[in-house]
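One structure is given here, and the rest of the page talks about it.
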Amino acid sequence: MFGFAGLQIKLSQNLPPEDRMSGEERACRKRARDAEWKFRVSKGYEKDTFWNKLKFRMSHHD
């Protein structure tokens with residue numbers, strides 16, 4: 001894989017599984033996920049509905 005997708009895969013391989021993360025790291029990931037969601041909504045990518053937010057959270061696993 002090349003480009004951004006390959007970089008994301010490489011970076012995600014270095015992340016510890018969720019059961020070995022500290023509470024602080026889980027909170028940091030949640031803040032990052034919420035910030036990404038707010039950015040997407042502000043740019044008009046996704047409407048801020050319950051189902052779109054649920055789909056987003058289900059597709060972005062920590």
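Chains: A, B, ... in order of the structure tokens. Residues: from 1 per chain. Ligands: from 1, in order shown.
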Write out as a list in words the residues lying within 12 Å of range 43-53 of chain A, counting only C-alpha atoms and excluding same-chain residues fewer than 6 positions away.
Arg33, Asp34, Glu36, Trp37, Ser59 and His60 of chain A
